[in-house]
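Engineer: Contents are mmCIF, C-alpha atoms; file name work_5.cif:
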```cif
data_target
#
loop_
_atom_site.label_atom_id
_atom_site.label_comp_id
_atom_site.auth_asym_id
_atom_site.auth_seq_id
_atom_site.Cartn_x
_atom_site.Cartn_y
_atom_site.Cartn_z
CA MET A 19 10.88 -21.59 -6.58
CA SER A 20 11.20 -22.96 -10.09
CA LYS A 21 9.13 -21.85 -13.06
CA GLY A 22 7.18 -25.08 -12.78
CA ASP A 23 6.09 -24.06 -9.30
CA SER A 24 4.78 -20.64 -10.34
CA LYS A 25 1.25 -22.00 -9.98
CA HIS A 26 1.83 -21.75 -6.22
CA VAL A 27 2.66 -18.02 -6.34
CA TYR A 28 -0.20 -15.74 -5.23
CA ALA A 29 -0.68 -12.01 -4.88
CA LEU A 30 -2.80 -10.28 -2.26
CA ILE A 31 -3.61 -6.67 -3.08
CA MET A 32 -4.91 -4.69 -0.12
CA ALA A 33 -7.46 -2.18 -1.40
CA GLY A 34 -9.55 -1.26 1.62
CA GLY A 35 -8.11 2.12 2.56
CA THR A 36 -9.92 5.44 2.34
CA GLY A 37 -6.97 7.53 1.15
CA LYS A 38 -7.94 10.46 3.34
CA GLN A 39 -4.57 12.17 2.82
CA LEU A 40 -5.67 13.06 -0.73
CA TRP A 41 -8.96 14.64 0.31
CA PRO A 42 -11.02 16.26 -1.19
CA VAL A 43 -10.42 14.25 -4.38
CA SER A 44 -10.14 10.94 -2.54
CA ARG A 45 -13.41 10.20 -0.73
CA LYS A 46 -15.09 7.27 0.97
CA LYS A 47 -17.15 6.77 -2.18
CA MET A 48 -14.10 6.99 -4.47
CA PRO A 49 -10.90 6.34 -2.50
CA LYS A 50 -7.38 6.92 -3.71
CA GLN A 51 -6.77 3.42 -5.11
CA PHE A 52 -9.61 3.91 -7.61
CA LEU A 53 -8.36 7.30 -8.82
CA ASP A 54 -6.40 8.00 -11.99
CA LEU A 55 -4.04 10.69 -10.76
CA PHE A 56 -1.61 10.76 -13.68
CA ASP A 57 -3.74 9.79 -16.69
CA GLU A 58 -2.11 6.34 -16.67
CA GLY A 59 -4.93 4.29 -15.20
CA THR A 60 -6.21 3.90 -11.66
CA MET A 61 -3.80 2.97 -8.89
CA ILE A 62 -5.36 -0.46 -8.45
CA ALA A 63 -5.34 -1.15 -12.19
CA ARG A 64 -1.64 -0.24 -12.34
CA THR A 65 -0.93 -2.52 -9.37
CA LEU A 66 -2.73 -5.40 -11.08
CA GLN A 67 -0.85 -4.79 -14.29
CA ARG A 68 2.48 -4.66 -12.46
CA ILE A 69 2.06 -7.97 -10.66
CA SER A 70 0.39 -9.86 -13.51
CA GLY A 71 3.73 -10.62 -15.16
CA THR A 72 4.72 -12.71 -12.14
CA VAL A 73 1.40 -14.07 -10.86
CA ILE A 74 -1.21 -15.77 -13.03
CA ALA A 75 -4.63 -14.09 -13.09
CA ASP A 76 -6.39 -16.88 -11.18
CA ASN A 77 -3.95 -16.42 -8.28
CA ILE A 78 -4.42 -12.69 -7.73
CA PHE A 79 -6.66 -11.83 -4.78
CA ILE A 80 -7.92 -8.40 -3.78
CA ILE A 81 -9.20 -7.67 -0.28
CA THR A 82 -11.39 -4.62 0.06
CA SER A 83 -14.64 -3.25 1.48
CA GLU A 84 -18.13 -3.84 0.13
CA LEU A 85 -17.95 -0.45 -1.59
CA GLY A 86 -14.55 -1.41 -2.99
CA ARG A 87 -16.06 -4.55 -4.47
CA LYS A 88 -18.69 -2.47 -6.28
CA LEU A 89 -16.06 -0.04 -7.57
CA MET A 90 -13.98 -2.96 -8.83
CA TYR A 91 -16.93 -4.39 -10.73
CA ALA A 92 -17.44 -0.99 -12.32
CA SER A 93 -13.80 -0.28 -13.18
CA LEU A 94 -12.02 -3.61 -13.70
CA THR A 95 -13.06 -6.04 -16.39
CA GLY A 96 -12.21 -9.71 -16.45
CA PHE A 97 -11.18 -10.02 -12.81
CA ARG A 98 -12.26 -13.28 -11.17
CA PRO A 99 -15.17 -12.37 -8.83
CA ASP A 100 -14.46 -15.08 -6.25
CA ASN A 101 -10.95 -13.69 -5.84
CA ILE A 102 -12.39 -10.55 -4.26
CA ILE A 103 -12.40 -10.85 -0.47
CA VAL A 104 -14.67 -8.43 1.39
CA GLU A 105 -13.93 -7.27 4.92
CA PRO A 106 -17.07 -6.46 6.94
CA SER A 107 -15.22 -3.47 8.43
CA SER A 108 -11.72 -2.04 8.51
CA ARG A 109 -9.50 -3.53 11.23
CA ASN A 110 -6.04 -2.54 9.95
CA THR A 111 -3.63 -4.84 8.14
CA ALA A 112 -3.14 -7.79 10.53
CA PRO A 113 -6.81 -8.93 10.52
CA CYS A 114 -7.00 -8.09 6.81
CA ILE A 115 -4.04 -10.35 6.04
CA ALA A 116 -5.31 -13.08 8.40
CA LEU A 117 -8.64 -13.21 6.56
CA ALA A 118 -6.92 -13.33 3.18
CA THR A 119 -4.48 -15.98 4.42
CA ALA A 120 -7.41 -18.25 5.27
CA HIS A 121 -8.82 -17.84 1.75
CA ILE A 122 -5.50 -18.42 0.00
CA LYS A 123 -4.59 -21.41 2.19
CA LYS A 124 -7.97 -22.96 1.38
CA ARG A 125 -7.13 -22.60 -2.33
CA ASP A 126 -3.52 -23.76 -2.06
CA PRO A 127 -1.81 -24.99 1.15
CA ASP A 128 1.60 -24.58 -0.54
CA ALA A 129 1.08 -20.95 -1.58
CA VAL A 130 3.78 -18.30 -1.56
CA THR A 131 2.03 -14.94 -1.23
CA ILE A 132 3.10 -11.45 -2.26
CA VAL A 133 1.23 -8.88 -0.17
CA LEU A 134 1.12 -5.35 -1.54
CA PRO A 135 -0.95 -2.18 -1.18
CA ALA A 136 -3.18 -1.12 -4.07
CA ASP A 137 -2.42 2.59 -3.81
CA HIS A 138 1.37 2.88 -3.98
CA LEU A 139 3.23 4.18 -7.00
CA VAL A 140 6.10 2.30 -8.64
CA LEU A 141 7.87 4.02 -11.52
CA ASP A 142 10.15 1.14 -12.55
CA ASP A 143 7.95 -1.94 -12.79
CA GLN A 144 10.72 -4.25 -13.99
CA ALA A 145 13.07 -3.37 -11.13
CA PHE A 146 10.20 -4.02 -8.71
CA ILE A 147 9.43 -7.40 -10.28
CA ASN A 148 13.10 -8.41 -10.16
CA ILE A 149 13.13 -7.86 -6.39
CA VAL A 150 9.77 -9.60 -5.91
CA GLU A 151 10.91 -12.69 -7.81
CA ALA A 152 14.02 -12.93 -5.65
CA GLY A 153 11.75 -12.63 -2.62
CA ILE A 154 9.59 -15.48 -3.89
CA GLU A 155 12.67 -17.68 -4.14
CA ILE A 156 13.69 -16.84 -0.57
CA ALA A 157 10.18 -17.20 0.89
CA SER A 158 9.55 -20.55 -0.78
CA GLY A 159 12.07 -22.11 1.61
CA LYS A 160 9.58 -21.49 4.47
CA LYS A 161 12.43 -20.29 6.70
CA GLY A 162 11.22 -16.75 7.33
CA LEU A 163 9.27 -13.73 6.19
CA VAL A 164 10.49 -11.36 3.49
CA THR A 165 9.82 -7.66 3.13
CA ILE A 166 11.03 -4.97 0.75
CA GLY A 167 12.85 -1.85 1.91
CA ILE A 168 13.45 1.42 0.09
CA LYS A 169 16.71 3.34 0.38
CA PRO A 170 15.75 6.71 1.92
CA ASP A 171 16.76 9.94 0.23
CA ARG A 172 15.47 12.28 2.95
CA PRO A 173 14.64 12.21 6.68
CA GLU A 174 10.99 11.23 6.17
CA THR A 175 8.76 11.29 9.26
CA ASP A 176 5.69 9.72 7.65
CA TYR A 177 7.15 6.31 6.83
CA GLY A 178 8.01 3.39 9.05
CA TYR A 179 11.60 2.16 8.91
CA ILE A 180 13.45 -1.16 8.81
CA GLN A 181 16.88 -1.47 10.42
CA VAL A 182 19.12 -4.00 8.69
CA ASP A 183 21.64 -6.37 10.23
CA GLU A 184 24.09 -8.61 8.38
CA GLN A 185 24.10 -8.61 4.58
CA LEU A 186 23.30 -11.99 3.02
CA SER A 187 23.90 -13.57 -0.36
CA ILE A 188 21.32 -13.07 -3.07
CA PRO A 189 19.89 -16.38 -4.41
CA LEU A 190 22.24 -17.61 -7.14
CA ALA A 191 19.61 -17.43 -9.88
CA PHE A 192 19.26 -13.67 -9.27
CA ALA A 193 22.84 -12.75 -8.32
CA ALA A 194 24.21 -11.92 -11.76
CA GLY A 195 23.77 -8.23 -12.51
CA CYS A 196 21.22 -7.61 -9.75
CA ASP A 197 21.02 -4.10 -8.33
CA PHE A 198 19.41 -4.97 -5.00
CA MET A 199 20.70 -6.34 -1.70
CA LEU A 200 19.50 -8.84 0.89
CA PHE A 201 19.81 -8.32 4.64
CA ARG A 202 18.58 -9.92 7.80
CA VAL A 203 16.25 -7.52 9.62
CA LYS A 204 17.45 -6.21 12.96
CA ALA A 205 14.40 -4.15 13.94
CA PHE A 206 11.30 -2.33 12.73
CA ALA A 207 10.79 1.29 13.75
CA GLU A 208 7.57 3.29 13.88
CA LYS A 209 7.26 6.66 12.16
CA PRO A 210 10.01 8.80 13.76
CA ASP A 211 10.20 12.44 14.72
CA ALA A 212 12.36 14.74 12.58
CA LEU A 213 15.52 14.33 14.67
CA THR A 214 15.26 10.54 14.75
CA ALA A 215 14.53 10.42 11.02
CA MET A 216 17.75 12.35 10.38
CA GLU A 217 19.66 9.91 12.59
CA PHE A 218 18.17 7.01 10.62
CA LEU A 219 19.25 8.60 7.35
CA GLU A 220 22.79 9.29 8.54
CA SER A 221 23.24 5.80 9.96
CA ARG A 222 22.75 4.23 6.51
CA ASP A 223 21.35 1.05 8.01
CA PHE A 224 17.68 2.09 7.98
CA TYR A 225 15.36 1.71 5.01
CA TRP A 226 11.80 2.82 4.43
CA ASN A 227 9.19 0.14 5.02
CA SER A 228 7.35 -0.27 1.71
CA GLY A 229 4.54 -2.38 3.16
CA VAL A 230 5.27 -5.14 0.63
CA PHE A 231 5.69 -8.64 2.09
CA ILE A 232 6.41 -12.08 0.67
CA TRP A 233 6.00 -15.33 2.58
CA HIS A 234 5.03 -18.96 2.40
CA ILE A 235 1.56 -19.58 3.76
CA ASP A 236 3.02 -21.93 6.41
CA ALA A 237 5.52 -19.31 7.59
CA ILE A 238 2.95 -16.55 8.12
CA SER A 239 0.53 -19.02 9.75
CA ARG A 240 3.24 -20.00 12.24
CA GLU A 241 3.89 -16.36 13.07
CA PHE A 242 0.18 -15.68 13.63
CA GLU A 243 0.05 -18.70 15.95
CA ARG A 244 3.13 -17.55 17.87
CA SER A 245 2.61 -13.78 18.08
CA MET A 246 -1.17 -13.35 17.78
CA PRO A 247 -2.70 -16.59 19.10
CA ASP A 248 -6.21 -15.18 19.49
CA LEU A 249 -6.27 -13.93 15.91
CA TYR A 250 -4.80 -17.25 14.79
CA LYS A 251 -7.75 -19.08 16.36
CA ASP A 252 -10.07 -16.73 14.48
CA LEU A 253 -8.14 -17.48 11.29
CA LEU A 254 -8.70 -21.22 11.83
CA ASN A 255 -12.41 -20.68 12.45
CA ILE A 256 -12.71 -18.68 9.25
CA TYR A 257 -10.69 -21.29 7.35
CA ASP A 258 -13.04 -24.07 8.49
CA SER A 259 -16.13 -22.04 7.53
CA LEU A 260 -15.04 -21.08 4.01
CA GLY A 261 -17.32 -22.53 1.36
CA THR A 262 -20.04 -23.40 3.88
CA GLU A 263 -23.27 -21.66 4.79
CA LYS A 264 -21.62 -20.58 8.05
CA GLU A 265 -18.96 -18.48 6.32
CA PRO A 266 -20.68 -15.04 6.32
CA LYS A 267 -21.72 -15.25 9.98
CA VAL A 268 -18.34 -16.54 11.17
CA ILE A 269 -16.52 -13.68 9.44
CA GLU A 270 -19.02 -11.12 10.74
CA ASP A 271 -18.65 -12.48 14.28
CA VAL A 272 -14.85 -12.44 14.12
CA TYR A 273 -14.80 -8.86 12.88
CA SER A 274 -17.16 -7.79 15.65
CA TRP A 275 -14.59 -8.53 18.35
CA ILE A 276 -11.10 -8.31 16.86
CA HIS A 277 -9.08 -5.19 17.57
CA PRO A 278 -7.44 -3.11 14.83
CA ILE A 279 -3.70 -3.79 14.65
CA SER A 280 -1.11 -3.46 11.92
CA ILE A 281 0.82 -6.42 10.53
CA ASP A 282 4.04 -4.58 11.38
CA TYR A 283 3.19 -4.27 15.08
CA GLY A 284 1.34 -7.57 15.41
CA ILE A 285 3.69 -9.83 13.46
CA MET A 286 6.73 -8.31 11.76
CA GLU A 287 8.29 -6.73 14.86
CA LYS A 288 8.19 -10.08 16.67
CA ALA A 289 8.87 -12.51 13.80
CA ASP A 290 12.21 -14.26 13.39
CA PRO A 291 13.84 -14.52 10.98
CA VAL A 292 12.77 -11.67 8.75
CA PHE A 293 14.69 -10.77 5.60
CA VAL A 294 14.60 -7.53 3.66
CA LEU A 295 15.41 -6.99 0.01
CA THR A 296 16.46 -3.41 -0.62
CA GLY A 297 16.50 -1.61 -3.93
CA GLU A 298 15.31 1.38 -5.87
CA PHE A 299 12.32 1.26 -8.20
CA GLY A 300 10.77 4.71 -7.94
CA TRP A 301 8.49 3.94 -5.00
CA THR A 302 6.22 6.33 -3.14
CA ASP A 303 3.06 5.76 -1.13
CA LEU A 304 1.52 8.98 -2.54
CA GLY A 305 0.54 9.87 1.00
CA SER A 306 0.09 13.60 0.41
CA TRP A 307 -0.59 16.18 -2.26
CA ASP A 308 3.05 17.24 -1.96
CA GLU A 309 4.08 13.72 -2.97
CA VAL A 310 1.64 13.71 -5.89
CA LEU A 311 2.98 17.03 -7.17
CA LYS A 312 6.60 15.93 -6.75
CA VAL A 313 6.07 12.75 -8.75
CA ALA A 314 3.98 14.43 -11.42
CA ALA A 315 6.40 17.32 -11.90
CA SER A 316 9.37 14.95 -12.19
CA ARG A 317 7.60 13.15 -15.03
CA SER A 318 6.33 16.31 -16.75
CA LEU A 319 2.77 15.21 -16.08
CA ILE A 320 1.78 18.59 -14.70
CA SER A 321 3.12 22.09 -14.59
CA GLU A 322 2.41 24.95 -12.28
CA GLU A 323 0.43 26.58 -15.08
CA LEU A 324 -2.33 24.28 -16.22
CA PRO A 325 -3.57 24.47 -19.82
CA ASP A 326 -6.88 25.97 -18.80
CA ASP A 327 -7.88 29.50 -19.77
CA ARG A 328 -10.12 29.69 -16.70
CA LEU A 329 -7.12 29.84 -14.35
CA VAL A 330 -5.71 33.32 -13.78
CA GLN A 331 -2.63 33.89 -11.62
CA ILE A 332 -1.17 37.35 -10.98
CA ASP A 333 2.16 37.77 -9.19
CA CYS A 334 2.08 34.15 -8.00
CA GLU A 335 4.96 31.72 -7.61
CA ASN A 336 4.95 27.95 -7.10
CA VAL A 337 1.16 27.74 -6.83
CA PHE A 338 -0.65 24.57 -7.86
CA VAL A 339 -4.37 24.59 -8.61
CA ARG A 340 -6.51 21.54 -9.31
CA LYS A 341 -10.11 22.41 -10.06
CA PRO A 342 -13.12 21.24 -12.04
CA MET A 343 -12.93 22.15 -15.72
CA GLY A 344 -15.07 25.14 -16.58
CA LYS A 345 -14.69 26.89 -13.23
CA VAL A 346 -12.78 30.16 -12.98
CA VAL A 347 -10.07 30.37 -10.29
CA CYS A 348 -8.01 33.55 -9.85
CA THR A 349 -5.07 33.95 -7.48
CA ILE A 350 -3.07 37.06 -6.59
CA GLY A 351 0.24 37.35 -4.76
CA LEU A 352 0.42 33.76 -3.54
CA ARG A 353 3.60 31.75 -2.91
CA ASP A 354 4.04 28.01 -2.36
CA ILE A 355 0.35 27.15 -2.15
CA ILE A 356 -1.69 24.05 -3.03
CA ILE A 357 -5.33 24.59 -3.99
CA ILE A 358 -7.50 21.52 -4.58
CA GLU A 359 -11.13 22.12 -5.50
CA THR A 360 -13.95 19.71 -6.24
CA ASP A 361 -17.63 20.36 -6.86
CA ASP A 362 -18.41 20.48 -3.13
CA ALA A 363 -15.14 21.10 -1.28
CA LEU A 364 -12.06 23.31 -1.33
CA LEU A 365 -8.64 22.67 0.23
CA ILE A 366 -5.99 25.38 0.52
CA CYS A 367 -2.67 24.68 2.22
CA ASN A 368 0.97 25.65 2.13
CA LYS A 369 3.26 23.38 0.18
CA GLY A 370 4.99 21.15 2.68
CA GLU A 371 1.90 21.02 4.92
CA SER A 372 -0.33 18.66 2.95
CA ARG A 373 0.55 15.69 5.19
CA ARG A 374 -1.88 17.29 7.66
CA VAL A 375 -4.89 16.87 5.36
CA GLY A 376 -5.83 13.76 7.34
CA ASP A 377 -6.36 16.04 10.34
CA VAL A 378 -8.88 18.01 8.27
CA VAL A 379 -10.77 14.81 7.49
CA ASP A 380 -10.79 13.87 11.17
CA ALA A 381 -12.14 17.33 12.04
CA LEU A 382 -14.92 17.00 9.47
CA ARG A 383 -15.86 13.66 10.98
CA ARG A 384 -15.95 15.12 14.50
CA ASP A 385 -18.20 17.89 13.21
CA GLU A 386 -20.49 15.23 11.68
CA LEU A 387 -19.95 16.52 8.15
CA GLU A 388 -20.06 12.99 6.76
CA ASP A 389 -21.35 14.08 3.35
CA TYR A 390 -17.98 15.67 2.64
CA LEU A 391 -15.83 12.67 3.58
#
```
Write the structure described by the file as structure tokens, please.
Structural biologist:
Amino acid sequence: MSKGDSKHVYALIMAGGTGKQLWPVSRKKMPKQFLDLFDEGTMIARTLQRISGTVIADNIFIITSELGRKLMYASLTGFRPDNIIVEPSSRNTAPCIALATAHIKKRDPDAVTIVLPADHLVLDDQAFINIVEAGIEIASGKKGLVTIGIKPDRPETDYGYIQVDEQLSIPLAFAAGCDFMLFRVKAFAEKPDALTAMEFLESRDFYWNSGVFIWHIDAISREFERSMPDLYKDLLNIYDSLGTEKEPKVIEDVYSWIHPISIDYGIMEKADPVFVLTGEFGWTDLGSWDEVLKVAASRSLISEELPDDRLVQIDCENVFVRKPMGKVVCTIGLRDIIIIETDDALLICNKGESRRVGDVVDALRRDELEDYL
């Protein structure tokens, strides 16, 4: 896609998640994407900043909940209000993307859309943008869907994977000096067990699924029609209602009957062809406190001993404490522990176990302790 066609490039930022893996700091009323974890701005603000060099402001859409809309109004200035799409309820990523596709197609039937989560961390923005711009060029041909894969450095069991097939040529405009590769996708794999994850790593033909997608609006519409025909009919109904007095009721009705399903399972696993651009740009989904600590420590953003004279540790090693300022916390004889305290909740877990925090949130919900979620 030439520079003159950049007006047809859109971004869809998905910002409807609850971020329960970072409980008790991330809550329903202030989810992860609206947190400033590293004193560098909120996750959603950083995502907007990252993509704004490639997509003009009028073409950036955010899809979120009603609460997310209110948080955006409070935390983001200058964002176009009618580019905020509100889901009546959470139905996973396939319905989310279908709803947003209807909105973007109404605005521009020749749109090329970059779909990306609001709450992922990218350390090298320029490397990310280089890959995205190559993806835009590929997707503009309408011949398939494009995703971005991350080279794994460990046998991770909490990420989905993409298996690659034949390597393809990078578009000529991006070939000189590029440090990423293009493959045809062979298969998508769900989150594996530990043994399978090790096999993926050793095979060297599996990459982490970043959850970033790039496609022409016609290409994704065709895939919805082919693989999810019922949802495609709903998409058409929503499309026809947009801008009319029927719009709110049509969307409410659709969301009352559609089933939650991910875009990976509903579309990507069945689509053909799918291409993957692979590269390294310091990506993580920040899906646990262990991940947060790893990233922060690597960038000297935190240390195990916080500059707070109300934290006392005796005979402790590798203990991280996050607490409200002004509160005294004392630890004795602890090893490899994460302690996260807020005004009304306390989490204590072994390092390496924080991926299970979501189970804690589920248990609180079962016990009807909604005030703490």
Engineer: Could you check the closest approach to Trp226 in chain A for each of A:Leu186, A:Ile180, A:Ala289, A:Ala207 and tell me which residue wins, using only C-alpha atoms?
Structural biologist: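 Among the listed residues, the smallest separation from Trp226 in chain A belongs to A:Ile180.
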Engineer: Just checking: using all atoms listed in the file, which residue out of A:Gln144, A:Thr36, A:Ser221, A:Gln51 ends up closest to Ile80 in chain A?
Structural biologist: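 Of the candidates, the smallest distance to Ile80 in chain A is held by A:Gln51.
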Engineer: Kindly indicate which residue among A:His26, A:Lys209, A:Lys161, A:Lys288 lies nearest to Glu243 in chain A, using all atoms listed in the file for the distances.
Structural biologist: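 Answer, going by the shortest atom-to-atom distance: A:Lys288.
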Engineer: What would the selection look like, as a PyMOL selection string, if the PyMOL selection byres ((chain A and resi 257) around 9) were run on the coordinates I just shared?
Structural biologist: chain A and resi 117+119-121+123-124+252-256+258-260+265
Engineer: With all atoms listed in the file as the counted atoms, please give the residues lying no more than 12 Å from Asp197 in chain A, apart from itself and same-chain residues fewer than 2 positions off, as a PDB file with C-alpha atoms, keeping the file's coordinate frame.
Structural biologist:
```
ATOM      1  CA  GLN A 144      10.720  -4.250 -13.990  1.00  0.00           C
ATOM      2  CA  ALA A 145      13.070  -3.370 -11.130  1.00  0.00           C
ATOM      3  CA  PHE A 146      10.200  -4.020  -8.710  1.00  0.00           C
ATOM      4  CA  ASN A 148      13.100  -8.410 -10.160  1.00  0.00           C
ATOM      5  CA  ILE A 149      13.130  -7.860  -6.390  1.00  0.00           C
ATOM      6  CA  ALA A 152      14.020 -12.930  -5.650  1.00  0.00           C
ATOM      7  CA  ILE A 188      21.320 -13.070  -3.070  1.00  0.00           C
ATOM      8  CA  PHE A 192      19.260 -13.670  -9.270  1.00  0.00           C
ATOM      9  CA  ALA A 193      22.840 -12.750  -8.320  1.00  0.00           C
ATOM     10  CA  ALA A 194      24.210 -11.920 -11.760  1.00  0.00           C
ATOM     11  CA  GLY A 195      23.770  -8.230 -12.510  1.00  0.00           C
ATOM     12  CA  MET A 199      20.700  -6.340  -1.700  1.00  0.00           C
ATOM     13  CA  LEU A 200      19.500  -8.840   0.890  1.00  0.00           C
ATOM     14  CA  LEU A 295      15.410  -6.990   0.010  1.00  0.00           C
ATOM     15  CA  THR A 296      16.460  -3.410  -0.620  1.00  0.00           C
ATOM     16  CA  GLY A 297      16.500  -1.610  -3.930  1.00  0.00           C
ATOM     17  CA  GLU A 298      15.310   1.380  -5.870  1.00  0.00           C
ATOM     18  CA  PHE A 299      12.320   1.260  -8.200  1.00  0.00           C
TER      19      PHE A 299
END
```
Engineer: When you draw a straight line from CA of Glu174 in chain A to CA of Ser372 in chain A, how long is it in Å?
Structural biologist: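 Separation of CA of Glu174 in chain A and CA of Ser372 in chain A: 13.9 Å.
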Engineer: What's the 6 Å shell around range 354-364 of chain A, counting only C-alpha atoms, without same-chain residues fewer than 3 positions away, as a list in words?
Structural biologist: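 Surrounding residues, per the criterion: Asn336, Val337, Phe338, Val339, Arg340, Lys341, Cys367, Asn368 and Lys369 of chain A.
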Engineer: From the list A:Ala212, A:Met343, A:Thr111, A:Leu139, which residue is nearest Leu55 in chain A when using all atoms listed in the file?
Structural biologist: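 Looking at the shortest contact to Leu55 in chain A, the residue is A:Leu139.
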Engineer: Around the point (7.4, -0.9, 2.5) (coordinates from the file), which residues reach within 6 Å if we count all atoms listed in the file? Answer as a PyMOL selection string.
Structural biologist: chain A and resi 166-167+227-230
Engineer: When you count only C-alpha atoms, which of these residues is closest to Glu371 in chain A: A:Tyr177, A:Trp307, A:Tyr91, A:Tyr390?
Structural biologist: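 Between A:Tyr177, A:Trp307, A:Tyr91, A:Tyr390, the residue approaching Glu371 in chain A most closely is A:Trp307.
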Engineer: Which of these, A:Val150, A:Ile62, A:Val130, A:Ala29, has the shortest distance to Asn101 in chain A once you count all atoms listed in the file?
Structural biologist: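 Residue with the minimum atom-to-atom distance to Asn101 in chain A: A:Ala29.
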Engineer: One decimal, Å: what's the distance from CA of Leu213 in chain A over to CA of Pro173 in chain A, could you say?
Structural biologist: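 Going from CA of Leu213 in chain A over to CA of Pro173 in chain A, I get 8.3 Å.
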Engineer: Convert the output of the PyMOL selection byres ((chain A and resi 184) around 6) on the shown file into explicit residues, formatted as a list in words.
Structural biologist: Asp183, Gln185, Phe201 and Arg202 of chain A
Engineer: Mind checking which residues fall within 10 Å of range 71-79 of chain A, counting only C-alpha atoms, ignoring those fewer than 6 positions away in the same chain, and posting them as a ChimeraX atom specification?
Structural biologist: /A:24-32,96-103,118,121-122,125-126,129,131-133,143-144,147-148,150-151,154
Engineer: How many Å separate CA of Thr214 in chain A from CA of Asp176 in chain A?
Structural biologist: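 Rounded to one decimal, the two atoms are 11.9 Å apart.
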Engineer: Show me, as a ChimeraX atom specification, the residues that have an atom within 12 Å of Asp380 in chain A when counting all atoms listed in the file, minus same-chain residues fewer than 3 positions from it.
Structural biologist: /A:38-39,41,374-377,383-388,390-391
Engineer: Find the residues around Glu220 in chain A up to 12 Å (all atoms listed in the file counted), leave out those fewer than 4 positions away in its own chain, and share them as number ranges by chain.
Structural biologist: A: 169-173, 213-216, 224-225
Engineer: Written as a list in words, which residues does the PyMOL selection byres ((chain A and resi 52) around 10) give for the file shown?
Structural biologist: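 What the PyMOL selection byres ((chain A and resi 52) around 10) grabs from the file is Ala33, Gly37, Ser44, Lys47, Met48, Pro49, Lys50, Gln51, Leu53, Asp54, Leu55, Gly59, Thr60, Met61, Ile62, Ala63, Gly86, Leu89, Met90, Ser93, Leu94, Ala136 and Asp137 of chain A.
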Engineer: Just to be explicit: take each residue in the selection above, keep C-alpha atoms, and write the result as a CSV table (one decimal), keeping the file's coordinate frame.
Structural biologist:
```csv
chain,number,residue,atom,x,y,z
A,33,ALA,CA,-7.5,-2.2,-1.4
A,37,GLY,CA,-7.0,7.5,1.2
A,44,SER,CA,-10.1,10.9,-2.5
A,47,LYS,CA,-17.2,6.8,-2.2
A,48,MET,CA,-14.1,7.0,-4.5
A,49,PRO,CA,-10.9,6.3,-2.5
A,50,LYS,CA,-7.4,6.9,-3.7
A,51,GLN,CA,-6.8,3.4,-5.1
A,53,LEU,CA,-8.4,7.3,-8.8
A,54,ASP,CA,-6.4,8.0,-12.0
A,55,LEU,CA,-4.0,10.7,-10.8
A,59,GLY,CA,-4.9,4.3,-15.2
A,60,THR,CA,-6.2,3.9,-11.7
A,61,MET,CA,-3.8,3.0,-8.9
A,62,ILE,CA,-5.4,-0.5,-8.4
A,63,ALA,CA,-5.3,-1.2,-12.2
A,86,GLY,CA,-14.6,-1.4,-3.0
A,89,LEU,CA,-16.1,0.0,-7.6
A,90,MET,CA,-14.0,-3.0,-8.8
A,93,SER,CA,-13.8,-0.3,-13.2
A,94,LEU,CA,-12.0,-3.6,-13.7
A,136,ALA,CA,-3.2,-1.1,-4.1
A,137,ASP,CA,-2.4,2.6,-3.8
```
Engineer: Mind giving me the axis-aligned box for range 253-259 of chain A with 5 Å on every side, centre plus edges in Å to one decimal, as lines of an AutoDock Vina configuration file?
Structural biologist:
```
center_x = -12.1
center_y = -20.8
center_z = 9.9
size_x = 18.0
size_y = 16.6
size_z = 15.1
```
